[in-house]
$ cat model12.txt   # compact mmCIF, C-alpha atoms
# COMPACT_ATOMS: atom_id res chain seq x y z
CA MET L 1 42.86 101.12 97.93
CA SER L 2 42.12 103.66 95.20
CA PHE L 3 41.54 102.68 91.58
CA ASP L 4 44.76 104.35 90.44
CA THR L 5 46.82 102.64 93.13
CA ALA L 6 45.34 99.23 92.31
CA LEU L 7 45.95 99.70 88.60
CA ARG L 8 49.52 100.83 89.18
CA LEU L 9 50.28 98.00 91.62
CA SER L 10 48.88 95.42 89.21
CA GLU L 11 51.01 96.87 86.42
CA ILE L 12 54.16 96.64 88.52
CA LEU L 13 53.44 93.05 89.58
CA LEU L 14 52.48 91.97 86.06
CA GLY L 15 55.58 93.72 84.69
CA TRP L 16 57.72 91.68 87.08
CA ALA L 17 55.93 88.43 86.12
CA ILE L 18 56.45 89.12 82.40
CA LEU L 19 60.07 90.18 82.93
CA GLN L 20 60.80 87.03 84.95
CA ALA L 21 59.21 84.77 82.31
CA SER L 22 60.88 86.60 79.41
CA LEU L 23 64.35 86.25 80.97
CA GLU L 24 63.70 82.53 81.46
CA HIS L 25 62.70 82.23 77.80
CA LEU L 26 65.84 84.06 76.67
CA ARG L 27 67.91 81.42 78.46
CA MET L 28 66.35 78.65 76.33
CA PRO L 29 67.83 77.93 72.87
CA HIS L 30 64.55 77.19 71.08
CA MET L 31 62.83 80.52 71.59
CA PRO L 32 62.63 83.59 69.34
CA PRO L 33 65.05 85.97 71.17
CA PRO L 34 63.89 89.28 69.59
CA LEU L 35 60.33 88.76 70.78
CA PHE L 36 61.36 87.99 74.35
CA MET L 37 63.91 90.82 74.41
CA LEU L 38 61.11 93.15 73.33
CA ARG L 39 58.79 91.78 76.02
CA ALA L 40 61.50 92.13 78.68
CA ALA L 41 62.09 95.75 77.66
CA LEU L 42 58.36 96.51 77.66
CA ALA L 43 58.01 94.84 81.07
CA VAL L 44 60.73 97.10 82.51
CA LEU L 45 58.92 100.15 81.10
CA LEU L 46 55.68 98.89 82.65
CA ILE L 47 57.31 98.43 86.06
CA PHE L 48 58.57 102.02 85.98
CA GLY L 49 55.24 103.35 84.70
CA VAL L 50 56.59 104.69 81.39
CA ALA L 51 53.73 105.28 78.91
CA PRO L 52 51.55 102.39 80.12
CA HIS L 53 48.82 103.30 77.59
CA LEU L 54 51.34 102.36 74.85
CA VAL L 55 53.30 99.65 76.67
CA LEU L 56 50.26 97.57 77.67
CA PRO L 57 48.82 97.26 74.12
CA SER L 58 52.32 96.46 72.84
CA LEU L 59 52.65 93.67 75.41
CA PHE L 60 49.20 92.45 74.42
CA ILE L 61 50.24 92.20 70.76
CA THR L 62 53.41 90.29 71.68
CA SER L 63 51.27 87.95 73.79
CA LEU L 64 49.12 87.21 70.74
CA ALA L 65 52.30 86.49 68.77
CA LEU L 66 53.35 84.02 71.48
CA LEU L 67 49.93 82.37 71.47
CA HIS L 68 50.34 81.88 67.73
CA ARG L 69 53.97 80.69 68.05
CA PHE L 70 53.18 78.03 70.66
CA GLN L 71 49.64 77.36 69.36
CA GLY L 72 48.28 78.01 72.83
CA PRO L 73 49.70 79.01 76.19
CA TYR L 74 53.32 77.94 76.82
CA ASN L 75 52.84 77.75 80.54
CA GLY L 76 49.19 76.68 80.82
CA GLY L 77 47.10 78.46 83.43
CA ALA L 78 49.82 80.96 84.35
CA ASP L 79 49.97 82.27 80.79
CA LYS L 80 46.17 82.36 80.56
CA MET L 81 45.91 84.36 83.78
CA GLY L 82 48.73 86.64 82.62
CA LEU L 83 46.90 87.31 79.38
CA LEU L 84 43.65 87.98 81.23
CA ILE L 85 45.36 90.48 83.56
CA LEU L 86 47.11 92.11 80.61
CA THR L 87 43.84 92.43 78.69
CA CYS L 88 42.00 93.94 81.67
CA LEU L 89 44.81 96.40 82.47
CA THR L 90 45.05 97.40 78.80
CA SER L 91 41.33 98.04 78.49
CA ALA L 92 41.36 99.90 81.83
CA ARG L 93 44.13 102.19 80.54
CA LEU L 94 42.47 102.74 77.16
CA ALA L 95 38.89 103.03 78.45
CA PRO L 96 37.14 106.25 77.37
CA THR L 97 35.53 106.80 80.78
CA LEU L 98 36.31 105.90 84.38
CA ALA L 99 33.23 103.65 84.50
CA TRP L 100 34.57 101.48 81.66
CA ALA L 101 37.99 101.41 83.30
CA GLU L 102 36.44 100.27 86.58
CA LEU L 103 34.47 97.62 84.75
CA SER L 104 37.71 96.22 83.30
CA LEU L 105 39.41 95.97 86.68
CA GLY L 106 36.20 94.68 88.23
CA TYR L 107 36.06 91.87 85.65
CA LEU L 108 39.60 90.87 86.60
CA ALA L 109 38.65 90.81 90.29
CA VAL L 110 35.60 88.63 89.61
CA GLN L 111 37.69 86.22 87.52
CA LEU L 112 40.20 85.99 90.36
CA ILE L 113 37.42 84.96 92.76
CA LEU L 114 36.14 82.43 90.20
CA SER L 115 39.64 81.04 89.69
CA TYR L 116 39.63 79.83 93.28
CA PHE L 117 35.93 79.02 93.67
CA ILE L 118 35.47 76.97 90.48
CA SER L 119 38.67 74.98 90.91
CA GLY L 120 37.54 74.19 94.48
CA GLN L 121 33.98 73.38 93.46
CA ILE L 122 34.98 70.91 90.71
CA LYS L 123 37.27 69.13 93.16
CA ILE L 124 34.81 68.89 96.01
CA VAL L 125 32.20 67.12 93.86
CA ASN L 126 34.81 64.52 92.89
CA ALA L 127 34.98 61.50 95.25
CA GLU L 128 38.67 60.95 94.43
CA TRP L 129 39.51 64.44 95.65
CA ARG L 130 37.37 64.08 98.78
CA SER L 131 39.16 60.84 99.70
CA GLY L 132 42.60 62.36 99.11
CA ARG L 133 43.30 59.82 96.37
CA ALA L 134 43.51 62.43 93.61
CA LEU L 135 46.22 64.43 95.40
CA ALA L 136 48.05 61.18 96.21
CA ASP L 137 48.02 60.40 92.48
CA VAL L 138 49.35 63.86 91.65
CA PHE L 139 52.37 63.01 93.80
CA ALA L 140 52.51 59.36 92.68
CA TYR L 141 52.65 59.66 88.91
CA SER L 142 51.91 63.12 87.57
CA ALA L 143 54.64 65.09 85.83
CA TYR L 144 54.54 67.84 88.47
CA PRO L 145 56.59 66.79 91.55
CA VAL L 146 59.97 68.50 91.20
CA SER L 147 61.99 65.61 92.64
CA GLU L 148 61.58 61.84 92.94
CA ASP L 149 61.63 61.89 96.75
CA LEU L 150 58.40 63.93 96.75
CA ARG L 151 56.62 60.90 95.26
CA ALA L 152 56.81 59.30 98.71
CA ILE L 153 54.12 61.78 99.85
CA SER L 154 51.64 59.66 97.89
CA GLN L 155 52.17 56.96 100.54
CA ARG L 156 50.94 59.24 103.34
CA PRO L 157 47.14 59.06 102.99
CA TYR L 158 46.36 61.20 106.06
CA PHE L 159 48.52 63.99 104.75
CA THR L 160 47.03 63.93 101.23
CA TRP L 161 43.48 63.72 102.68
CA ALA L 162 44.06 66.69 105.01
CA ALA L 163 45.83 68.73 102.32
CA SER L 164 43.04 68.02 99.80
CA TRP L 165 40.35 69.18 102.21
CA ALA L 166 42.36 72.24 103.23
CA VAL L 167 42.71 73.30 99.58
CA MET L 168 39.10 72.49 98.61
CA ALA L 169 37.59 74.18 101.68
CA PHE L 170 39.72 77.29 101.21
CA GLU L 171 38.89 77.58 97.51
CA VAL L 172 35.15 77.10 98.00
CA ILE L 173 34.97 79.54 100.93
CA PHE L 174 37.12 82.14 99.18
CA PRO L 175 34.20 84.24 97.75
CA LEU L 176 32.80 84.75 101.26
CA THR L 177 36.04 86.38 102.41
CA PHE L 178 35.23 89.21 99.99
CA LEU L 179 32.62 90.54 102.43
CA TRP L 180 35.15 92.03 104.86
CA PHE L 181 38.52 93.55 104.13
CA SER L 182 40.19 91.79 107.06
CA THR L 183 39.04 88.33 105.93
CA LEU L 184 39.97 89.10 102.34
CA ALA L 185 43.45 90.18 103.40
CA ILE L 186 43.92 86.93 105.35
CA ALA L 187 42.52 84.89 102.43
CA LEU L 188 44.91 86.53 99.97
CA ILE L 189 47.87 85.77 102.25
CA ILE L 190 46.74 82.13 102.48
CA ALA L 191 46.22 82.03 98.69
CA ALA L 192 49.72 83.40 98.12
CA CYS L 193 51.08 80.68 100.45
CA PHE L 194 49.10 78.11 98.43
CA HIS L 195 50.75 79.29 95.20
CA LEU L 196 54.10 79.31 96.99
CA SER L 197 53.60 75.67 98.01
CA ASN L 198 52.74 74.82 94.38
CA ALA L 199 56.01 76.47 93.35
CA ILE L 200 57.91 74.44 95.97
CA PHE L 201 56.32 71.04 95.29
CA PHE L 202 55.50 71.33 91.59
CA GLY L 203 57.85 74.02 90.27
CA LEU L 204 54.96 76.29 89.25
CA ASN L 205 56.86 79.51 89.95
CA ARG L 206 55.12 81.52 87.23
CA PHE L 207 51.69 80.88 88.77
CA PHE L 208 52.93 82.46 91.98
CA TRP L 209 54.07 85.73 90.39
CA THR L 210 51.16 85.96 87.93
CA TRP L 211 48.34 85.42 90.43
CA LEU L 212 49.84 88.03 92.78
CA ALA L 213 49.42 90.60 90.01
CA ALA L 214 45.63 90.24 90.14
CA TYR L 215 45.32 90.76 93.92
CA PRO L 216 45.26 94.61 93.87
CA ALA L 217 42.18 94.50 91.61
CA LEU L 218 40.31 92.39 94.16
CA ILE L 219 41.35 94.57 97.09
CA TRP L 220 40.18 97.65 95.15
CA LEU L 221 36.83 96.04 94.24
CA GLN L 222 36.18 95.05 97.86
CA ASN L 223 36.86 98.63 98.90
CA ARG L 224 34.76 100.01 96.03
CA LEU L 225 31.68 97.83 96.61
CA ILE L 226 31.70 97.10 100.33
CA GLY L 227 34.47 99.01 102.06
CA LEU L 228 34.19 97.22 105.40
CA MET U 1 53.18 99.05 19.88
CA PHE U 2 53.01 95.26 19.76
CA ARG U 3 54.15 94.88 23.40
CA SER U 4 51.66 97.40 24.69
CA PHE U 5 48.91 95.67 22.72
CA VAL U 6 49.83 92.34 24.30
CA ARG U 7 49.88 93.90 27.77
CA ALA U 8 46.49 95.46 27.29
CA THR U 9 44.73 92.47 25.85
CA GLY U 10 46.73 89.39 26.94
CA TRP U 11 49.12 89.96 29.87
CA PHE U 12 47.05 92.45 31.78
CA PRO U 13 44.08 90.15 32.46
CA ALA U 14 46.51 87.37 33.47
CA ALA U 15 48.36 89.69 35.85
CA ARG U 16 45.07 90.99 37.18
CA PHE U 17 43.86 87.43 37.74
CA ASN U 18 47.08 86.60 39.62
CA GLN U 19 46.69 89.72 41.70
CA ILE U 20 43.10 88.87 42.63
CA LEU U 21 44.07 85.25 43.37
CA THR U 22 46.98 86.36 45.56
CA ILE U 23 44.83 88.86 47.46
CA THR U 24 42.12 86.23 47.93
CA LEU U 25 44.58 83.63 49.20
CA LEU U 26 46.36 86.14 51.44
CA SER U 27 43.13 87.47 52.90
CA GLY U 28 42.03 83.86 53.46
CA ALA U 29 45.31 83.12 55.24
CA VAL U 30 45.04 86.30 57.30
CA LEU U 31 41.45 85.48 58.23
CA ASP U 32 42.53 81.96 59.21
CA ALA U 33 45.32 83.37 61.37
CA ILE U 34 42.94 85.85 63.03
CA ARG U 35 40.40 83.09 63.63
CA ASN U 36 43.15 80.88 65.04
CA ILE U 37 44.48 83.58 67.40
CA PHE U 38 40.98 84.53 68.52
CA GLY U 39 40.26 80.86 69.23
CA LEU U 40 43.41 80.70 71.37
CA LEU U 41 42.72 84.02 73.09
CA LEU U 42 39.12 83.36 74.07
CA PRO U 43 39.88 80.66 76.70
CA ALA U 44 42.16 83.19 78.40
CA LEU U 45 39.53 85.94 78.47
CA ILE U 46 36.73 83.62 79.61
CA PRO U 47 38.66 80.94 81.50
CA SER U 48 37.09 77.73 82.75
CA TRP U 49 39.35 77.58 85.86
CA ARG U 50 38.87 73.80 86.02
CA PHE U 51 42.31 73.07 87.42
CA PHE U 52 42.88 69.40 88.27
CA LYS U 53 39.25 68.38 87.85
CA ALA U 54 40.66 64.87 87.70
CA VAL U 55 44.20 63.53 87.53
CA GLN U 56 44.79 62.91 83.86
CA PRO U 57 47.15 60.30 82.36
CA SER U 58 50.62 61.74 82.77
CA PRO U 59 52.99 61.95 79.79
CA ARG U 60 56.62 60.84 79.67
CA ILE U 61 58.91 61.42 76.71
CA GLU U 62 61.53 58.73 76.04
CA TRP U 63 64.22 58.56 73.36
CA ARG U 64 66.78 56.18 71.93
CA PHE U 65 69.46 55.86 69.27
CA PRO U 66 67.92 53.26 66.95
CA ASP U 67 71.19 52.78 65.01
CA GLN U 68 72.98 51.37 68.06
CA ASN U 69 72.59 47.78 69.28
CA LEU U 70 71.25 46.72 65.92
CA ASN U 71 70.71 43.14 67.04
CA LYS U 72 68.33 44.07 69.82
CA ASP U 73 66.06 46.94 70.74
CA ALA U 74 67.98 49.96 71.90
CA GLN U 75 67.05 51.04 75.39
CA TRP U 76 64.56 53.86 75.75
CA GLN U 77 65.94 56.68 77.92
CA PRO U 78 63.79 59.14 79.91
CA PHE U 79 63.97 62.69 78.57
CA ARG U 80 65.13 65.16 81.23
CA PRO U 81 64.56 62.86 84.25
CA ARG U 82 63.75 64.74 87.44
CA PRO U 83 66.38 64.79 90.21
CA SER U 84 66.01 62.45 93.16
CA HIS U 85 66.24 65.35 95.61
CA LEU U 86 66.29 69.16 95.58
CA SER U 87 67.89 71.29 98.29
CA TRP U 88 65.95 74.16 99.82
CA ALA U 89 68.42 76.59 98.27
CA THR U 90 67.60 75.20 94.81
CA ILE U 91 63.87 75.34 95.51
CA LEU U 92 64.19 78.97 96.59
CA ARG U 93 66.27 79.82 93.52
CA ARG U 94 63.69 78.15 91.28
CA LEU U 95 61.03 80.52 92.57
CA PHE U 96 62.86 83.22 90.60
CA TRP U 97 64.69 81.21 87.94
CA ASN U 98 63.17 77.99 86.62
CA PRO U 99 63.53 77.92 82.80
CA ASP U 100 64.37 74.22 82.40
CA TRP U 101 61.44 73.04 84.50
CA ASN U 102 58.99 75.34 82.74
CA ASP U 103 60.27 74.08 79.39
CA ALA U 104 59.82 70.49 80.64
CA LEU U 105 56.20 71.33 81.49
CA TYR U 106 55.78 72.73 77.98
CA MET U 107 57.16 69.45 76.60
CA ASP U 108 54.45 67.62 78.57
CA THR U 109 51.88 69.92 76.98
CA CYS U 110 53.35 69.13 73.55
CA ALA U 111 53.17 65.40 74.33
CA GLU U 112 49.49 65.72 75.26
CA ARG U 113 48.73 67.75 72.14
CA LEU U 114 50.74 65.39 69.93
CA THR U 115 48.76 62.42 71.21
CA ALA U 116 45.45 64.20 70.63
CA HIS U 117 46.24 65.88 67.31
CA PRO U 118 49.62 64.96 65.79
CA THR U 119 51.28 67.80 63.88
CA ASP U 120 54.75 68.22 62.44
CA GLN U 121 55.28 71.41 64.47
CA LEU U 122 54.74 69.57 67.76
CA GLN U 123 57.19 66.84 66.73
CA GLN U 124 59.75 69.48 65.79
CA GLU U 125 59.33 71.18 69.20
CA ILE U 126 60.19 67.91 70.95
CA LEU U 127 62.94 66.93 68.51
CA ALA U 128 64.65 70.32 68.86
CA ARG U 129 64.99 69.76 72.63
CA LEU U 130 66.10 66.15 72.20
CA PHE U 131 68.83 67.16 69.74
CA SER U 132 70.09 69.99 71.93
CA ASP U 133 70.19 67.73 75.02
CA LEU U 134 72.25 65.00 73.34
CA PRO U 135 75.43 63.90 75.10
CA PRO U 136 78.30 66.06 73.76
CA LYS U 137 80.37 63.14 72.38
CA SER U 138 77.47 61.26 70.87
CA HIS U 139 78.31 59.66 67.52
CA ALA U 140 74.81 58.40 66.87
CA THR U 141 73.41 59.41 63.52
CA ALA U 142 69.71 59.06 64.22
CA LEU U 143 67.24 59.45 67.04
CA GLN U 144 63.73 58.27 67.79
CA PHE U 145 61.31 59.22 70.55
CA ARG U 146 58.11 57.87 71.97
CA LEU U 147 55.35 59.13 74.25
CA LYS U 148 54.26 57.07 77.21
CA PHE U 149 51.31 57.91 79.43
CA ILE U 150 51.05 56.70 83.02
CA ASP U 151 47.59 56.27 84.51
CA ARG U 152 45.88 54.45 87.35
CA ALA U 153 43.59 51.62 86.26
CA ASP U 154 41.94 49.18 88.66
CA GLY U 155 44.07 50.61 91.45
CA LEU U 156 47.36 49.94 89.68
CA LEU U 157 49.68 52.28 87.82
CA GLN U 158 49.92 51.33 84.16
CA ASP U 159 51.65 52.87 81.19
CA HIS U 160 50.61 53.02 77.57
CA VAL U 161 52.74 54.03 74.61
CA THR U 162 50.64 56.39 72.50
CA PHE U 163 53.13 57.57 69.90
CA ILE U 164 56.40 56.36 68.38
CA SER U 165 58.15 58.81 66.11
CA ASP U 166 59.90 58.07 62.85
CA ILE U 167 63.67 57.71 62.97
CA HIS U 168 65.11 61.20 62.56
CA PRO U 169 68.68 61.92 61.43
CA ILE U 170 70.66 63.94 63.97
CA PRO U 171 71.76 67.25 62.40
CA GLY U 172 75.55 67.39 62.11
CA ASN U 173 76.06 63.69 62.94
CA THR U 174 74.77 62.18 59.72
CA THR U 175 77.37 60.76 57.34
$ encode --input "model12.txt" --output "structure tokens"
Amino acid sequence: MSFDTALRLSEILLGWAILQASLEHLRMPHMPPPLFMLRAALAVLLIFGVAPHLVLPSLFITSLALLHRFQGPYNGGADKMGLLILTCLTSARLAPTLAWAELSLGYLAVQLILSYFISGQIKIVNAEWRSGRALADVFAYSAYPVSEDLRAISQRPYFTWAASWAVMAFEVIFPLTFLWFSTLAIALIIAACFHLSNAIFFGLNRFFWTWLAAYPALIWLQNRLIGL
Amino acid sequence: MFRSFVRATGWFPAARFNQILTITLLSGAVLDAIRNIFGLLLPALIPSWRFFKAVQPSPRIEWRFPDQNLNKDAQWQPFRPRPSHLSWATILRRLFWNPDWNDALYMDTCAERLTAHPTDQLQQEILARLFSDLPPKSHATALQFRLKFIDRADGLLQDHVTFISDIHPIPGNTT
């Protein structure tokens, strides 16, 4: 995948993620409508590739306004990742040379790898995660399960043990998949399914759309550095 | 002549002082805002990625009308209780359209922040949602909320109340 294609694909996917989130915000009565209408309009322009060197910095400024309004991310990790992608795409578009632009997209790709590896590494050193107890507790009493009947999963220790190890092993191994394009492609499909399952079980739909927007950067970097 | 003399010798230094004071205060406020935004931005640019390092105590927001059942404690009600079951069609729809759930997650974030560092803004965020979710024919004049955290201790699930709000008048229902 070429640099331009990766940049453009990431812009389209991020534009969709921002549009989706902005429309959700506009539905809620406690939000500042002008700011989210502006973000929705900018997201549409980004999807269609209209003046991205102006649209991306404008979206960045509105993101800072939202950070100030909510005194932090509204949607936790999804908003943080969205802001990271937005920052990297903005600096890639505004970079004075191609080398700086590549560095911006490369940083995003490295952070994407770290997002899986570190969250796997911190789980695998935790005995509660290794025993499956931590995931059982997520289902038992955390605020995340989208319906009460999902809490019954906490009573299935073999399932939570197997699911914990599947997630931890995948996340820790993820950096190795970068060595070959075919393994990376498979890993990204599995990762997308992982985010999809989080959306199904825990209602984390914004994570799904936001993380997808970083995938083109990783595919480009693999092609740029290794190309196998 | 007299007025211009006063301006030059008396009013002008006072106005100048006010101007300098205003600029100083404004620049201080702007610097604070910049520092604040930068502090919020930095964790996004250099993320820790420590998702679910451990399962933290989980917040629940509960509310009640303290002016009802005056002779006994009014019952605490769960705020936006989750449904007992979701159909696959709803789950699929929520992949694209999930504003209420995302707002509920933000309320959990507010509950965690309010427990750690109470601020009026955080209380107002929660109160605004509580007021807008009130039953349409409610005649209650005041509302109170509390934060409860559920955690596992010694193998058992336990809950702890970490915050009880003041009694707040309900806008439009007060007499």
$ interface_residues --input "model12.txt" --of "chain L" --to "chain U" --cutoff "6 Å" --atoms "only C-alpha atoms" --output "ChimeraX atom specification"
/L:24,72,74,80,84,115,119,122-123,142,147-149,205
$ residues_around --input "model12.txt" --residues "L:Ala92" --least-positions-apart "4" --cutoff "7 Å" --atoms "all atoms listed in the file" --output "PyMOL selection string"
chain L and resi 88+100-102+104-105
$ residues_near_point --input "model12.txt" --point "(51.1, 88.8, 102.3)" --cutoff "12 Å" --atoms "all atoms listed in the file" --output "short mmCIF file (atom, residue, chain, number, x, y, z; two decimals) with C-alpha atoms, in the coordinates of the input"
data_model
loop_
_atom_site.label_atom_id
_atom_site.label_comp_id
_atom_site.auth_asym_id
_atom_site.auth_seq_id
_atom_site.Cartn_x
_atom_site.Cartn_y
_atom_site.Cartn_z
CA LEU L 184 39.97 89.10 102.34
CA ALA L 185 43.45 90.18 103.40
CA ILE L 186 43.92 86.93 105.35
CA ALA L 187 42.52 84.89 102.43
CA LEU L 188 44.91 86.53 99.97
CA ILE L 189 47.87 85.77 102.25
CA ILE L 190 46.74 82.13 102.48
CA ALA L 191 46.22 82.03 98.69
CA ALA L 192 49.72 83.40 98.12
CA CYS L 193 51.08 80.68 100.45
CA PHE L 194 49.10 78.11 98.43
CA HIS L 195 50.75 79.29 95.20
CA LEU L 196 54.10 79.31 96.99
CA LEU L 212 49.84 88.03 92.78
CA TYR L 215 45.32 90.76 93.92
CA PRO L 216 45.26 94.61 93.87
#
$ residues_around --input "model12.txt" --residues "L:Arg93" --least-positions-apart "2" --cutoff "9 Å" --atoms "all atoms listed in the file" --output "list in words"
Leu7, Pro52, His53, Leu56, Cys88, Leu89, Thr90, Ser91, Ala95, Pro96 and Ala101 of chain L
$ residues_near_point --input "model12.txt" --point "(50.4, 88.2, 69.9)" --cutoff "12 Å" --atoms "all atoms listed in the file" --output "ChimeraX atom specification"
/L:35-36,39,57-73,83,86-87 /U:33-34,36-38,40-41
$ atom_distance --input "model12.txt" --atom1 "atom CA of L:Val167" --atom2 "atom CA of L:Leu13"
24.6 Å
$ closest_residue --input "model12.txt" --among "L:Val172, L:Leu26, L:Phe201, L:Leu54" --to "L:Val138" --atoms "only C-alpha atoms"
L:Phe201
$ atom_distance --input "model12.txt" --atom1 "atom CA of L:Trp180" --atom2 "atom CA of L:Val110"
15.6 Å
$ atom_distance --input "model12.txt" --atom1 "atom CA of L:Leu94" --atom2 "atom CA of L:Ala109"
18.1 Å
$ residues_around --input "model12.txt" --residues "L:Gly120" --least-positions-apart "3" --cutoff "7 Å" --atoms "only C-alpha atoms" --output "PyMOL selection string"
chain L and resi 116-117+123-124+168+171-172
